[in-house]
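Below is entry.cif, holding mmCIF, C-alpha atoms.
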data_run
#
loop_
_atom_site.label_atom_id
_atom_site.label_comp_id
_atom_site.auth_asym_id
_atom_site.auth_seq_id
_atom_site.Cartn_x
_atom_site.Cartn_y
_atom_site.Cartn_z
CA MET A 1 51.47 -33.92 29.07
CA ASN A 2 54.56 -35.49 27.63
CA THR A 3 55.76 -36.21 24.11
CA ALA A 4 54.20 -39.67 23.98
CA ASP A 5 50.76 -38.24 24.77
CA ILE A 6 51.13 -35.64 22.01
CA ILE A 7 52.20 -38.29 19.48
CA GLN A 8 49.22 -40.42 20.50
CA TRP A 9 46.80 -37.46 19.97
CA ILE A 10 48.30 -36.76 16.55
CA ALA A 11 47.76 -40.43 15.61
CA VAL A 12 44.10 -40.23 16.70
CA LEU A 13 43.65 -37.01 14.69
CA ARG A 14 45.12 -38.67 11.58
CA ARG A 15 42.73 -41.61 11.89
CA HIS A 16 39.65 -39.32 12.09
CA PRO A 17 40.25 -36.39 9.70
CA LEU A 18 36.51 -35.70 9.14
CA SER A 19 35.91 -35.35 12.87
CA VAL A 20 38.85 -32.98 13.14
CA LEU A 21 37.55 -30.88 10.24
CA CYS A 22 34.04 -30.73 11.74
CA SER A 23 35.47 -29.70 15.11
CA ILE A 24 37.49 -26.91 13.52
CA VAL A 25 34.43 -25.67 11.59
CA CYS A 26 32.35 -25.71 14.80
CA VAL A 27 34.96 -23.68 16.66
CA ILE A 28 35.14 -21.13 13.80
CA CYS A 29 31.31 -20.87 13.63
CA ALA A 30 31.08 -20.41 17.40
CA ALA A 31 33.63 -17.61 17.27
CA ALA A 32 31.84 -15.95 14.33
CA SER A 33 28.42 -16.15 16.03
CA TRP A 34 29.87 -14.70 19.25
CA TYR A 35 31.35 -11.81 17.24
CA ILE A 36 28.08 -11.16 15.35
CA ARG A 37 26.02 -11.37 18.54
CA SER A 38 28.24 -8.85 20.30
CA ASN A 39 27.95 -6.48 17.32
CA LEU A 40 24.17 -6.97 17.18
CA ALA A 41 23.81 -6.05 20.81
CA TRP A 42 25.93 -2.95 20.21
CA LEU A 43 23.82 -1.97 17.17
CA GLU A 44 20.58 -2.40 19.15
CA LEU A 45 22.00 -0.18 21.87
CA GLU A 46 23.00 2.42 19.26
CA HIS A 47 19.51 2.27 17.68
CA ARG A 48 17.83 2.79 21.06
CA GLN A 49 20.08 5.76 21.76
CA LEU A 50 19.33 7.36 18.37
CA SER A 51 15.59 6.81 18.86
CA GLN A 52 15.74 8.46 22.26
CA ASP A 53 17.70 11.37 20.79
CA ALA A 54 15.08 11.80 18.04
CA GLU A 55 12.23 11.71 20.58
CA LEU A 56 14.05 14.23 22.73
CA ALA A 57 14.58 16.51 19.72
CA VAL A 58 10.91 16.34 18.77
CA SER A 59 9.79 16.94 22.34
CA THR A 60 12.03 20.01 22.71
CA LEU A 61 10.55 21.58 19.62
CA ILE A 62 7.73 23.98 20.28
CA SER A 63 5.80 22.37 17.45
CA GLY A 64 6.57 18.80 18.58
CA PRO A 65 2.98 17.88 19.45
CA ALA A 66 1.74 19.43 16.21
CA VAL A 67 4.29 17.39 14.24
CA ARG A 68 3.07 14.21 15.93
CA GLN A 69 -0.56 15.10 15.17
CA GLU A 70 0.26 15.82 11.53
CA LEU A 71 2.14 12.53 11.25
CA ALA A 72 -0.81 10.66 12.75
CA ALA A 73 -3.21 12.46 10.38
CA ALA A 74 -1.00 11.65 7.38
CA ARG A 75 -0.86 7.98 8.38
CA GLU A 76 -4.65 7.90 8.81
CA ILE A 77 -5.24 9.49 5.40
CA THR A 78 -2.82 7.08 3.75
CA ARG A 79 -4.60 4.15 5.40
CA ARG A 80 -8.00 5.41 4.20
CA ILE A 81 -6.68 5.84 0.66
CA ASP A 82 -5.25 2.32 0.66
CA ASP A 83 -8.51 0.90 2.04
CA ASN A 84 -10.56 2.53 -0.75
CA LEU A 85 -8.41 1.62 -3.73
CA VAL A 86 -10.08 -0.18 -6.62
CA VAL A 87 -8.92 -3.69 -7.48
CA PRO A 88 -8.67 -3.68 -11.31
CA ASP A 89 -9.57 -7.36 -11.73
CA ASN A 90 -12.66 -7.21 -9.47
CA LEU A 91 -15.09 -5.91 -12.09
CA ALA A 92 -18.25 -6.76 -10.14
CA GLU A 93 -17.23 -4.68 -7.11
CA ASN A 94 -16.07 -1.81 -9.31
CA LEU A 95 -19.40 -1.66 -11.14
CA TRP A 96 -21.36 -2.10 -7.92
CA TYR A 97 -19.74 1.09 -6.61
CA PHE A 98 -21.52 3.08 -9.35
CA TYR A 99 -24.79 1.19 -8.84
CA LYS A 100 -24.73 2.20 -5.15
CA ILE A 101 -24.30 5.83 -6.25
CA GLU A 102 -27.26 5.32 -8.61
CA GLN A 103 -29.42 4.14 -5.70
CA GLN A 104 -28.39 7.09 -3.54
CA SER A 105 -28.92 9.75 -6.21
CA LYS A 106 -32.11 8.21 -7.70
CA ALA A 107 -30.68 8.80 -11.18
CA HIS A 108 -30.91 6.07 -13.83
CA LEU A 109 -27.64 4.50 -14.95
CA VAL A 110 -28.09 3.87 -18.67
CA GLU A 111 -24.57 2.79 -19.61
CA LEU A 112 -21.57 1.79 -17.56
CA HIS A 113 -18.51 0.51 -19.37
CA PRO A 114 -15.08 -0.18 -17.95
CA LEU A 115 -12.44 1.07 -20.35
CA ASN A 116 -8.97 -0.28 -20.96
CA ALA A 117 -6.64 0.68 -18.15
CA ILE A 118 -4.08 3.27 -19.09
CA THR A 119 -0.54 1.95 -19.03
CA SER A 120 1.27 4.09 -16.54
CA ASP A 121 4.81 4.53 -15.43
CA SER A 122 6.17 1.43 -13.69
CA ARG A 123 7.33 3.61 -10.79
CA ALA A 124 3.77 4.81 -10.08
CA LEU A 125 2.29 3.51 -6.85
CA TYR A 126 -1.27 3.40 -8.14
CA LYS A 127 -3.13 2.54 -11.32
CA ARG A 128 -5.90 4.58 -13.01
CA ILE A 129 -9.01 2.50 -13.79
CA PRO A 130 -11.24 4.33 -16.35
CA PHE A 131 -15.01 4.02 -16.80
CA SER A 132 -17.46 5.52 -19.28
CA ILE A 133 -20.81 6.37 -17.67
CA LYS A 134 -24.15 7.59 -19.04
CA VAL A 135 -26.82 8.68 -16.54
CA THR A 136 -30.32 10.12 -17.03
CA GLY A 137 -32.62 11.82 -14.58
CA THR A 138 -33.72 15.23 -13.42
CA TYR A 139 -31.17 17.95 -12.95
CA ASP A 140 -31.08 17.30 -9.20
CA GLN A 141 -30.64 13.54 -9.64
CA VAL A 142 -27.90 13.84 -12.24
CA GLY A 143 -26.17 16.53 -10.19
CA ALA A 144 -26.36 14.30 -7.12
CA PHE A 145 -24.83 11.42 -9.11
CA LEU A 146 -21.96 13.64 -10.22
CA TYR A 147 -21.46 15.00 -6.69
CA LEU A 148 -21.47 11.52 -5.11
CA THR A 149 -18.98 10.30 -7.69
CA GLU A 150 -16.65 13.20 -6.91
CA THR A 151 -16.95 13.02 -3.13
CA GLY A 152 -17.34 9.27 -2.60
CA PRO A 153 -14.87 7.14 -0.70
CA ARG A 154 -13.05 6.10 -3.88
CA LEU A 155 -10.66 8.65 -5.32
CA ALA A 156 -12.14 9.65 -8.67
CA ASN A 157 -10.79 11.85 -11.43
CA ILE A 158 -13.55 12.98 -13.79
CA THR A 159 -11.86 13.50 -17.13
CA SER A 160 -14.86 14.60 -19.19
CA VAL A 161 -18.44 15.66 -18.48
CA THR A 162 -21.27 16.45 -20.88
CA PHE A 163 -24.79 17.55 -19.91
CA ARG A 164 -27.61 17.63 -22.45
CA ARG A 165 -31.37 17.38 -22.52
CA HIS A 166 -32.80 13.99 -23.34
CA GLU A 167 -35.26 15.59 -25.76
CA PRO A 168 -35.97 19.25 -26.46
CA GLY A 169 -38.33 20.57 -23.80
CA SER A 170 -37.90 17.49 -21.59
CA LEU A 171 -37.03 17.69 -17.92
CA LEU A 172 -34.73 14.67 -18.23
CA ILE A 173 -31.02 15.40 -18.51
CA VAL A 174 -28.37 13.04 -19.83
CA LEU A 175 -24.94 13.05 -18.22
CA ASP A 176 -22.07 11.50 -20.15
CA MET A 177 -18.81 11.32 -18.27
CA ASN A 178 -15.52 9.51 -18.14
CA VAL A 179 -14.17 8.72 -14.69
CA GLU A 180 -10.83 7.32 -13.57
CA LEU A 181 -10.77 5.59 -10.20
CA LEU A 182 -7.51 5.14 -8.34
CA GLY A 183 -6.62 1.47 -8.11
CA LYS A 184 -4.03 -0.91 -6.79
CA LYS A 185 -1.08 -1.63 -9.00
#

Could you express the structure from this file as structure tokens?
Amino acid sequence: MNTADIIQWIAVLRRHPLSVLCSIVCVICAAASWYIRSNLAWLELEHRQLSQDAELAVSTLISGPAVRQELAAAREITRRIDDNLVVPDNLAENLWYFYKIEQQSKAHLVELHPLNAITSDSRALYKRIPFSIKVTGTYDQVGAFLYLTETGPRLANITSVTFRRHEPGSLLIVLDMNVELLGKK
């Protein structure tokens, strides 16, 4: 390549400045992507190595299998909790939960009122959904309703409970209680 060829190339570059600029940008982007790709491959290799080291450390522990079982149990419990959370806006499903308990316990649900949700800390993962419930029935029926509410699939916090006779000398008992169900935020 001689001087005349170089002068001719410079003339072509001056006539097409946008093409020259685009070519320079393409070369810079290609170099940057090559650099990022090489770093990404290195980071993936480093991640694999650290994962293998962690697995090796857990397997060398005497309690390694127990730790894995506890982790699996914790994940299963968390999944079950998330599956049974109450949706605050789905009033029909929330009320139906108590009607199913009524059918199982054979008690009579006299009053069921959703209360205003308590404003909780914005950092809280869950929301408390309160209900006011009044149930009548025999002692066994009312006790079964209370037991099924406490031990049902939904996480319930019974904040107040009152037992009283419907009328003096009557076998019917009235249960007044306030319940908070754990709900999605």

Kindly indicate which residue among A:Ser38, A:Met177, A:Gly152, A:Val58 lies nearest to Glu111 (chain A), using all atoms listed in the file for the distances. A:Met177

Atom pair CA of Ala124 (chain A) / CA of Leu91 (chain A): separation (Å): 21.8 Å

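CA of Ala73 (chain A) lies 28.9 Å from CA of Thr159 (chain A).
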
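Evaluated against this file, the PyMOL selection byres ((chain A and resi 142) around 9) yields A:Ser105, A:Lys106, A:Ala107, A:His108, A:Val135, A:Thr136, A:Gly137, A:Thr138, A:Tyr139, A:Asp140, A:Gln141, A:Gly143, A:Ala144, A:Phe145, A:Leu146, A:Tyr147, A:Ile173, A:Val174, A:Leu175.
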
Take the selection from the previous step and output its residues with C-alpha atoms, as a short mmCIF file (atom, residue, chain, number, x, y, z; two decimals), in the frame of the given file.
data_model
loop_
_atom_site.label_atom_id
_atom_site.label_comp_id
_atom_site.auth_asym_id
_atom_site.auth_seq_id
_atom_site.Cartn_x
_atom_site.Cartn_y
_atom_site.Cartn_z
CA SER A 105 -28.92 9.75 -6.21
CA LYS A 106 -32.11 8.21 -7.70
CA ALA A 107 -30.68 8.80 -11.18
CA HIS A 108 -30.91 6.07 -13.83
CA VAL A 135 -26.82 8.68 -16.54
CA THR A 136 -30.32 10.12 -17.03
CA GLY A 137 -32.62 11.82 -14.58
CA THR A 138 -33.72 15.23 -13.42
CA TYR A 139 -31.17 17.95 -12.95
CA ASP A 140 -31.08 17.30 -9.20
CA GLN A 141 -30.64 13.54 -9.64
CA GLY A 143 -26.17 16.53 -10.19
CA ALA A 144 -26.36 14.30 -7.12
CA PHE A 145 -24.83 11.42 -9.11
CA LEU A 146 -21.96 13.64 -10.22
CA TYR A 147 -21.46 15.00 -6.69
CA ILE A 173 -31.02 15.40 -18.51
CA VAL A 174 -28.37 13.04 -19.83
CA LEU A 175 -24.94 13.05 -18.22
#

Name the residues in contact with region 1-14 of chain A at a cut-off of 12 Å, using all atoms listed in the file, excluding same-chain residues fewer than 6 positions from it; report them as a list in words. Val20, Leu21, Cys22, Ser23 and Ile24 of chain A

Near Tyr126 (chain A), counting all atoms listed in the file, which residues have an atom at most 6 Å away, once you skip same-chain residues fewer than 5 positions from it, shown as a PyMOL selection string? chain A and resi 183-185

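Computed from the coordinates, the CA of Leu125 (chain A) to CA of Asp176 (chain A) distance equals 28.9 Å.
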
With all atoms of region 39-53 of chain A from the file as input, state the centre and edge lengths in Å to one decimal of the axis-aligned box that has 3 Å extra on each side, as JSON.
{"center_x": 21.8, "center_y": 2.2, "center_z": 19.7, "size_x": 18.4, "size_y": 24.3, "size_z": 11.1}

Pull the neighbourhood of (-16.1, 4.4, -10.7) for me: all residues within 10 Å in file coordinates, counting only C-alpha atoms, as number ranges by chain. A: 86, 93-99, 101, 112-114, 129-133, 149-150, 152, 154-158, 178-182

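The residue set within 12 Å of Val67 (chain A), counting only C-alpha atoms and dropping same-chain residues fewer than 6 places from it, reads Glu55, Ala57, Val58, Ser59, Thr60, Leu61, Ala73 and Ala74 of chain A.
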
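Across A:Asp83, A:Glu46, A:Glu167, A:Glu102, the tightest approach to Pro153 (chain A) is made by A:Asp83 when counting only C-alpha atoms.
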
Pick out the closest residue to Lys134 (chain A) from this set: A:Leu148, A:Ile77, A:Val161, A:Ala117. Count all atoms listed in the file. A:Val161
